[in-house]
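Text of structure03.cif (mmCIF, C-alpha atoms and all ligand atoms; chains and numbers go by the auth columns) as supplied:
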data_run
#
loop_
_atom_site.group_PDB
_atom_site.id
_atom_site.type_symbol
_atom_site.label_atom_id
_atom_site.label_comp_id
_atom_site.label_asym_id
_atom_site.label_seq_id
_atom_site.Cartn_x
_atom_site.Cartn_y
_atom_site.Cartn_z
_atom_site.B_iso_or_equiv
_atom_site.auth_seq_id
_atom_site.auth_asym_id
ATOM 1 C CA MET A 1 0.000 0.000 0.000 0.00 138 A
ATOM 2 C CA LEU A 2 1.278 3.471 -0.900 0.00 139 A
ATOM 3 C CA LYS A 3 1.603 5.555 2.234 0.00 140 A
ATOM 4 C CA ASP A 4 2.857 8.897 3.517 0.00 141 A
ATOM 5 C CA GLU A 5 3.412 8.739 7.290 0.00 142 A
ATOM 6 C CA ALA A 6 2.863 12.498 7.657 0.00 143 A
ATOM 7 C CA CYS A 7 -0.451 12.433 5.766 0.00 144 A
ATOM 8 C CA ILE A 8 -3.543 12.864 7.931 0.00 145 A
ATOM 9 C CA PHE A 9 -5.689 10.730 5.581 0.00 146 A
ATOM 10 C CA CYS A 10 -3.116 7.908 5.629 0.00 147 A
ATOM 11 C CA GLN A 11 -3.284 8.086 9.419 0.00 148 A
ATOM 12 C CA ILE A 12 -7.083 7.812 9.225 0.00 149 A
ATOM 13 C CA VAL A 13 -6.680 4.761 6.941 0.00 150 A
ATOM 14 C CA ASP A 14 -4.318 3.222 9.532 0.00 151 A
ATOM 15 C CA LYS A 15 -6.813 4.088 12.323 0.00 152 A
ATOM 16 C CA LYS A 16 -4.128 6.124 14.078 0.00 153 A
ATOM 17 C CA ILE A 17 -6.675 8.932 13.875 0.00 154 A
ATOM 18 C CA GLN A 18 -10.259 8.047 14.739 0.00 155 A
ATOM 19 C CA SER A 19 -13.017 8.801 12.227 0.00 156 A
ATOM 20 C CA GLN A 20 -16.691 8.086 11.589 0.00 157 A
ATOM 21 C CA ILE A 21 -16.478 5.477 8.833 0.00 158 A
ATOM 22 C CA LEU A 22 -19.411 5.139 6.427 0.00 159 A
ATOM 23 C CA PHE A 23 -17.768 2.604 4.135 0.00 160 A
ATOM 24 C CA GLU A 24 -14.566 0.581 4.013 0.00 161 A
ATOM 25 C CA ASN A 25 -13.168 -2.166 1.821 0.00 162 A
ATOM 26 C CA ASP A 26 -9.615 -3.245 0.916 0.00 163 A
ATOM 27 C CA THR A 27 -8.889 -0.164 -1.188 0.00 164 A
ATOM 28 C CA ILE A 28 -11.400 2.588 -0.305 0.00 165 A
ATOM 29 C CA LEU A 29 -12.430 4.476 2.819 0.00 166 A
ATOM 30 C CA ALA A 30 -15.311 6.932 3.293 0.00 167 A
ATOM 31 C CA PHE A 31 -15.688 8.957 6.466 0.00 168 A
ATOM 32 C CA LEU A 32 -17.452 12.033 7.805 0.00 169 A
ATOM 33 C CA ASP A 33 -15.525 15.308 7.403 0.00 170 A
ATOM 34 C CA ILE A 34 -14.576 16.666 10.838 0.00 171 A
ATOM 35 C CA PHE A 35 -15.044 20.246 9.511 0.00 172 A
ATOM 36 C CA PRO A 36 -18.292 19.709 7.590 0.00 173 A
ATOM 37 C CA ILE A 37 -19.699 22.335 5.230 0.00 174 A
ATOM 38 C CA SER A 38 -23.064 20.728 5.998 0.00 175 A
ATOM 39 C CA ASN A 39 -24.392 17.803 8.029 0.00 176 A
ATOM 40 C CA GLY A 40 -23.295 14.549 6.391 0.00 177 A
ATOM 41 C CA HIS A 41 -20.320 16.053 4.508 0.00 178 A
ATOM 42 C CA THR A 42 -18.325 12.957 3.549 0.00 179 A
ATOM 43 C CA ILE A 43 -14.801 12.337 2.260 0.00 180 A
ATOM 44 C CA VAL A 44 -14.100 9.358 -0.010 0.00 181 A
ATOM 45 C CA ILE A 45 -10.457 8.327 -0.520 0.00 182 A
ATOM 46 C CA PRO A 46 -8.397 5.528 -2.003 0.00 183 A
ATOM 47 C CA LYS A 47 -6.394 3.835 0.777 0.00 184 A
ATOM 48 C CA ASN A 48 -3.294 4.249 -1.372 0.00 185 A
ATOM 49 C CA HIS A 49 -1.682 7.667 -1.048 0.00 186 A
ATOM 50 C CA TYR A 50 -1.879 9.631 -4.295 0.00 187 A
ATOM 51 C CA ASN A 51 -1.360 13.375 -4.208 0.00 188 A
ATOM 52 C CA ASN A 52 -4.150 14.236 -6.636 0.00 189 A
ATOM 53 C CA LEU A 53 -5.974 13.324 -9.844 0.00 190 A
ATOM 54 C CA GLU A 54 -2.675 13.449 -11.762 0.00 191 A
ATOM 55 C CA ASP A 55 -1.332 10.505 -9.765 0.00 192 A
ATOM 56 C CA ILE A 56 -4.254 8.141 -9.202 0.00 193 A
ATOM 57 C CA PRO A 57 -4.516 5.234 -11.672 0.00 194 A
ATOM 58 C CA VAL A 58 -7.748 5.147 -13.682 0.00 195 A
ATOM 59 C CA ASP A 59 -8.909 1.796 -12.273 0.00 196 A
ATOM 60 C CA GLU A 60 -8.633 3.068 -8.687 0.00 197 A
ATOM 61 C CA LEU A 61 -10.325 6.327 -9.659 0.00 198 A
ATOM 62 C CA THR A 62 -13.200 4.300 -11.091 0.00 199 A
ATOM 63 C CA ASP A 63 -13.473 2.335 -7.840 0.00 200 A
ATOM 64 C CA VAL A 64 -13.524 5.576 -5.813 0.00 201 A
ATOM 65 C CA PHE A 65 -16.330 7.036 -7.929 0.00 202 A
ATOM 66 C CA LYS A 66 -18.401 3.848 -7.713 0.00 203 A
ATOM 67 C CA ILE A 67 -18.356 4.340 -3.947 0.00 204 A
ATOM 68 C CA VAL A 68 -19.002 8.106 -4.286 0.00 205 A
ATOM 69 C CA LYS A 69 -22.178 7.280 -6.218 0.00 206 A
ATOM 70 C CA LYS A 70 -23.269 4.630 -3.744 0.00 207 A
ATOM 71 C CA ILE A 71 -22.730 6.825 -0.678 0.00 208 A
ATOM 72 C CA SER A 72 -24.185 9.968 -2.279 0.00 209 A
ATOM 73 C CA SER A 73 -27.419 8.117 -3.004 0.00 210 A
ATOM 74 C CA LYS A 74 -27.541 6.759 0.515 0.00 211 A
ATOM 75 C CA ILE A 75 -26.962 10.221 2.041 0.00 212 A
ATOM 76 C CA TYR A 76 -29.566 11.742 -0.288 0.00 213 A
ATOM 77 C CA GLU A 77 -32.108 9.168 0.782 0.00 214 A
ATOM 78 C CA LYS A 78 -31.346 8.850 4.504 0.00 215 A
ATOM 79 C CA LEU A 79 -30.701 12.513 5.341 0.00 216 A
ATOM 80 C CA LYS A 80 -33.619 13.606 3.118 0.00 217 A
ATOM 81 C CA ILE A 81 -31.553 16.385 1.557 0.00 218 A
ATOM 82 C CA ASP A 82 -32.504 18.341 -1.573 0.00 219 A
ATOM 83 C CA GLY A 83 -29.248 17.797 -3.454 0.00 220 A
ATOM 84 C CA TYR A 84 -25.506 17.409 -3.114 0.00 221 A
ATOM 85 C CA ASN A 85 -22.251 18.675 -4.588 0.00 222 A
ATOM 86 C CA ILE A 86 -19.377 16.412 -5.568 0.00 223 A
ATOM 87 C CA LEU A 87 -16.178 18.405 -5.166 0.00 224 A
ATOM 88 C CA GLN A 88 -12.650 17.299 -5.983 0.00 225 A
ATOM 89 C CA ASN A 89 -9.795 19.827 -5.702 0.00 226 A
ATOM 90 C CA ASN A 90 -6.367 19.438 -7.283 0.00 227 A
ATOM 91 C CA PHE A 91 -3.360 21.512 -6.210 0.00 228 A
ATOM 92 C CA LYS A 92 -3.246 24.448 -3.811 0.00 229 A
ATOM 93 C CA ALA A 93 -4.482 26.934 -6.418 0.00 230 A
ATOM 94 C CA ALA A 94 -7.746 25.000 -6.631 0.00 231 A
ATOM 95 C CA GLY A 95 -8.192 24.802 -2.862 0.00 232 A
ATOM 96 C CA GLN A 96 -6.668 21.381 -2.165 0.00 233 A
ATOM 97 C CA VAL A 97 -5.608 21.325 1.497 0.00 234 A
ATOM 98 C CA ILE A 98 -4.778 17.635 2.134 0.00 235 A
ATOM 99 C CA ASN A 99 -2.438 16.195 -0.490 0.00 236 A
ATOM 100 C CA HIS A 100 -4.104 12.786 -0.583 0.00 237 A
ATOM 101 C CA PHE A 101 -6.595 12.433 -3.452 0.00 238 A
ATOM 102 C CA HIS A 102 -10.126 12.787 -2.092 0.00 239 A
ATOM 103 C CA VAL A 103 -13.675 13.454 -3.160 0.00 240 A
ATOM 104 C CA HIS A 104 -16.109 15.555 -1.131 0.00 241 A
ATOM 105 C CA ILE A 105 -19.800 14.697 -0.980 0.00 242 A
ATOM 106 C CA ILE A 106 -21.532 17.842 0.291 0.00 243 A
ATOM 107 C CA PRO A 107 -25.218 17.498 1.189 0.00 244 A
ATOM 108 C CA ARG A 108 -27.319 20.511 0.255 0.00 245 A
ATOM 109 C CA ARG A 109 -30.697 21.865 1.193 0.00 246 A
ATOM 110 C CA ARG A 110 -32.757 24.479 -0.604 0.00 247 A
ATOM 111 C CA GLU A 111 -31.801 27.956 0.618 0.00 248 A
ATOM 112 C CA ASP A 112 -29.113 26.538 2.933 0.00 249 A
ATOM 113 C CA GLY A 113 -26.995 29.663 2.521 0.00 250 A
ATOM 114 C CA LYS A 114 -23.905 27.637 1.618 0.00 251 A
ATOM 115 C CA PHE A 115 -21.775 28.273 -1.443 0.00 252 A
ATOM 116 C CA GLN A 116 -23.374 28.647 -4.865 0.00 253 A
ATOM 117 C CA LEU A 117 -21.649 28.357 -8.206 0.00 254 A
ATOM 118 C CA LEU A 118 -23.031 31.702 -9.299 0.00 255 A
ATOM 119 C CA ILE A 119 -19.665 33.155 -10.231 0.00 256 A
ATOM 120 C CA PRO A 120 -19.707 35.993 -12.782 0.00 257 A
ATOM 121 C CA ARG A 121 -18.889 34.692 -16.259 0.00 258 A
ATOM 122 C CA GLU A 122 -18.493 36.349 -19.607 0.00 259 A
ATOM 123 C CA GLN A 123 -19.300 34.779 -22.936 0.00 260 A
ATOM 124 C CA SER A 124 -16.087 33.943 -24.789 0.00 261 A
ATOM 125 C CA LYS A 125 -15.501 34.832 -28.430 0.00 262 A
ATOM 126 C CA GLU A 126 -15.383 31.878 -30.834 0.00 263 A
ATOM 127 C CA GLU A 127 -11.782 32.624 -31.889 0.00 264 A
ATOM 128 C CA GLU A 128 -10.726 32.643 -28.222 0.00 265 A
ATOM 129 C CA LEU A 129 -12.411 29.256 -27.630 0.00 266 A
ATOM 130 C CA ASN A 130 -10.772 27.837 -30.758 0.00 267 A
ATOM 131 C CA LYS A 131 -7.357 29.072 -29.643 0.00 268 A
ATOM 132 C CA THR A 132 -7.799 27.463 -26.210 0.00 269 A
ATOM 133 C CA LEU A 133 -9.080 24.238 -27.763 0.00 270 A
ATOM 134 C CA LYS A 134 -6.050 24.074 -30.063 0.00 271 A
ATOM 135 C CA THR A 135 -3.665 24.609 -27.126 0.00 272 A
ATOM 136 C CA ILE A 136 -5.270 21.831 -25.076 0.00 273 A
ATOM 137 C CA ILE A 137 -5.649 19.138 -27.722 0.00 274 A
ATOM 138 C CA GLU A 138 -2.399 19.608 -29.645 0.00 275 A
HETATM 139 ZN ZN ZN B . -2.125 9.945 2.419 0.00 1 B
#

Starting from the file, give its structure as structure tokens.
Amino acid sequence: MLKDEACIFCQIVDKKIQSQILFENDTILAFLDIFPISNGHTIVIPKNHYNNLEDIPVDELTDVFKIVKKISSKIYEKLKIDGYNILQNNFKAAGQVINHFHVHIIPRRREDGKFQLLIPREQSKEEELNKTLKTIIE
């Protein structure tokens, strides 16, 4: 198993740090976030230590998201919420705090006053989109 002794999530995997575990198998762990954005905020991680999406192998990523789907549905049903956000941050610039790949399941209620993705956006010109597209795919 890939491990970083200093990593807080690896310590949770090793049960050196206690957590409220919703799901566990040989390769995946899901537990309640200790600093929840909302009630039921859950973290799903591979037990192997990967820094972020760049590092995790596709087959393990697939396994993680199978569990994300399973747990999200369960939370939606059992906590009778109105919706949920799936959030996955990569690198400091995108708000990643713990450098062990993880997926947030954030339960939401109508008018809960939490974050909204209502960020100001401007329509891009077609030539600008084409230039960006060319840069990414070439
Ligand atoms: Zn780790």

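If you count only C-alpha atoms and ignore residues fewer than 4 places along the chain from Lys153 (chain A), what sits within 12 Å of it is Glu142, Ala143, Cys144, Ile145, Phe146, Cys147, Gln148 and Ile149 of chain A.
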
Would you mind reading off the distance between CA of Gln233 (chain A) and CA of Phe202 (chain A), one decimal, in Å?
-> 18.2 Å

Do a neighbour search on Val205 (chain A) at 9 Å with all atoms listed in the file, toss out local chain neighbours closer than 2 positions, and write the hits as a ChimeraX atom specification.
-> /A:167,180-181,200-203,207-210,223,240-242

Produce as a ChimeraX atom specification the set of residues near ligand ZN 1 (chain B), where near means within 12 Å with all atoms listed in the file considered.
-> /A:138-151,166,182-189,193,234-239

Smallest atom-to-atom distance to Phe160 (chain A): which of A:Lys217, A:Arg258, A:Lys268, A:Lys211, using all atoms listed in the file?
-> A:Lys211

Got a sec: who's within 8 Å of Arg246 (chain A), counting only C-alpha atoms, leaving out chain neighbours fewer than 2 positions off, as a PyMOL selection string?
-> chain A and resi 218-220+244+248-249

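Closest approach to Phe172 (chain A) among A:Glu259, A:Ile243, A:Ile273, A:Leu224: A:Ile243, based on only C-alpha atoms.
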
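Interatomic distance, CA of Ser156 (chain A) against CA of Ile171 (chain A): 8.1 Å.
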
What is the CA of Leu159 (chain A)-CA of Lys215 (chain A) distance in Å, reported with one decimal?
-> 12.6 Å

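All polymer residues at most 6 Å from (-13.4, 10.4, 10.8), using all atoms listed in the file, appear as Gln155, Ser156, Gln157, Phe168 and Leu169 of chain A.
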
Pick from A:Lys271, A:Pro257, A:Thr164, A:Ala230, whichever lies nearest to Asp196 (chain A) using only C-alpha atoms | A:Thr164

Nearest to Ile212 (chain A), restricted to all atoms listed in the file and choosing among A:Gln225, A:Arg245, A:Lys262, A:Thr199, comes out as A:Arg245

Using all atoms of region 148-161 of chain A listed in the file and a margin of 3 Å per side, can you give the axis-aligned box centre and edge lengths in Å to one decimal, as lines of an AutoDock Vina configuration file?
center_x = -11.3
center_y = 4.8
center_z = 9.4
size_x = 22.1
size_y = 14.4
size_z = 16.7

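Take the PyMOL selection byres (((chain A and resi 176) around 9) and not hetatm) and apply it to this file: it picks Pro173, Ile174, Ser175, Gly177, His178, Thr179, Leu216, Ile243, Pro244 and Arg245 of chain A.
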
Store the residues picked out above, limited to C-alpha atoms, as a PDB file, in the frame of the given file.
ATOM      1  CA  PRO A 173     -18.292  19.709   7.590  1.00  0.00           C
ATOM      2  CA  ILE A 174     -19.699  22.335   5.230  1.00  0.00           C
ATOM      3  CA  SER A 175     -23.064  20.728   5.998  1.00  0.00           C
ATOM      4  CA  GLY A 177     -23.295  14.549   6.391  1.00  0.00           C
ATOM      5  CA  HIS A 178     -20.320  16.053   4.508  1.00  0.00           C
ATOM      6  CA  THR A 179     -18.325  12.957   3.549  1.00  0.00           C
ATOM      7  CA  LEU A 216     -30.701  12.513   5.341  1.00  0.00           C
ATOM      8  CA  ILE A 243     -21.532  17.842   0.291  1.00  0.00           C
ATOM      9  CA  PRO A 244     -25.218  17.498   1.189  1.00  0.00           C
ATOM     10  CA  ARG A 245     -27.319  20.511   0.255  1.00  0.00           C
TER      11      ARG A 245
END
